[in-house]
Amino acid sequence: MKQPLPPHYYTLLEELQAIDFVLVELTLYLDTHPEDAQALEQFNQCAQQRQHLAQRYESEFGPLLQFGRSYSGYPWQWGEPPWPWQV
């Protein structure tokens with residue numbers, strides 16, 4: 001029987017989703033305002049924050065991205081649901 005996911009799983013996943021949303025919006029903005037230094041600085045800060053959140057998530061719950069973008073522990077972790085997009 002699978003163990004229930006701890007509450008901080010959902011908190012961390014929600015933080016990742018929120019920062020991803022911000023990064024998408026900033027990307028769209030920067031596509032039309034490429035010389036906005038303040039927006040670019042905010043984008044880079046958010047990208048760094050996202051990297052830290054992803055590392056924390058992956059160290060606790062397994063890989064987020066496939067195709068060599070995330071490492072897998074042993075045994076192969078891609079067969080262990082729930083995957084982030086399923087919750």
# chains A, B, ... in the order shown; residues from 1 in each chain; ligands from 1

call {"tool": "residues_around", "arguments": {"residues": "region 17-23 of chain A", "least_positions_apart": "5", "cutoff": "12 Å", "atoms": "only C-alpha atoms", "output": "PyMOL selection string"}}
result
chain A and resi 10-12+28-30+39-54+57+64+84-85+87

call {"tool": "residues_around", "arguments": {"residues": "Tyr9 (chain A)", "least_positions_apart": "3", "cutoff": "9 Å", "atoms": "only C-alpha atoms", "output": "PDB file with C-alpha atoms, in the first residue's frame"}}
result
ATOM      1  CA  LEU A   5       2.082  12.129   0.388  1.00  0.00           C
ATOM      2  CA  PRO A   6       3.169  14.542   3.120  1.00  0.00           C
ATOM      3  CA  LEU A  12       6.353  22.632  -2.675  1.00  0.00           C
ATOM      4  CA  LEU A  13       4.551  21.624  -5.871  1.00  0.00           C
ATOM      5  CA  GLU A  14       2.314  24.702  -5.594  1.00  0.00           C
ATOM      6  CA  TYR A  57      11.536  18.805  -4.800  1.00  0.00           C
ATOM      7  CA  GLU A  60      12.658  14.638  -1.655  1.00  0.00           C
ATOM      8  CA  PHE A  61      10.188  13.289  -4.213  1.00  0.00           C
TER       9      PHE A  61
END

call {"tool": "atom_distance", "arguments": {"atom1": "CA of Arg56 (chain A)", "atom2": "CA of Leu16 (chain A)"}}
result
10.4 Å
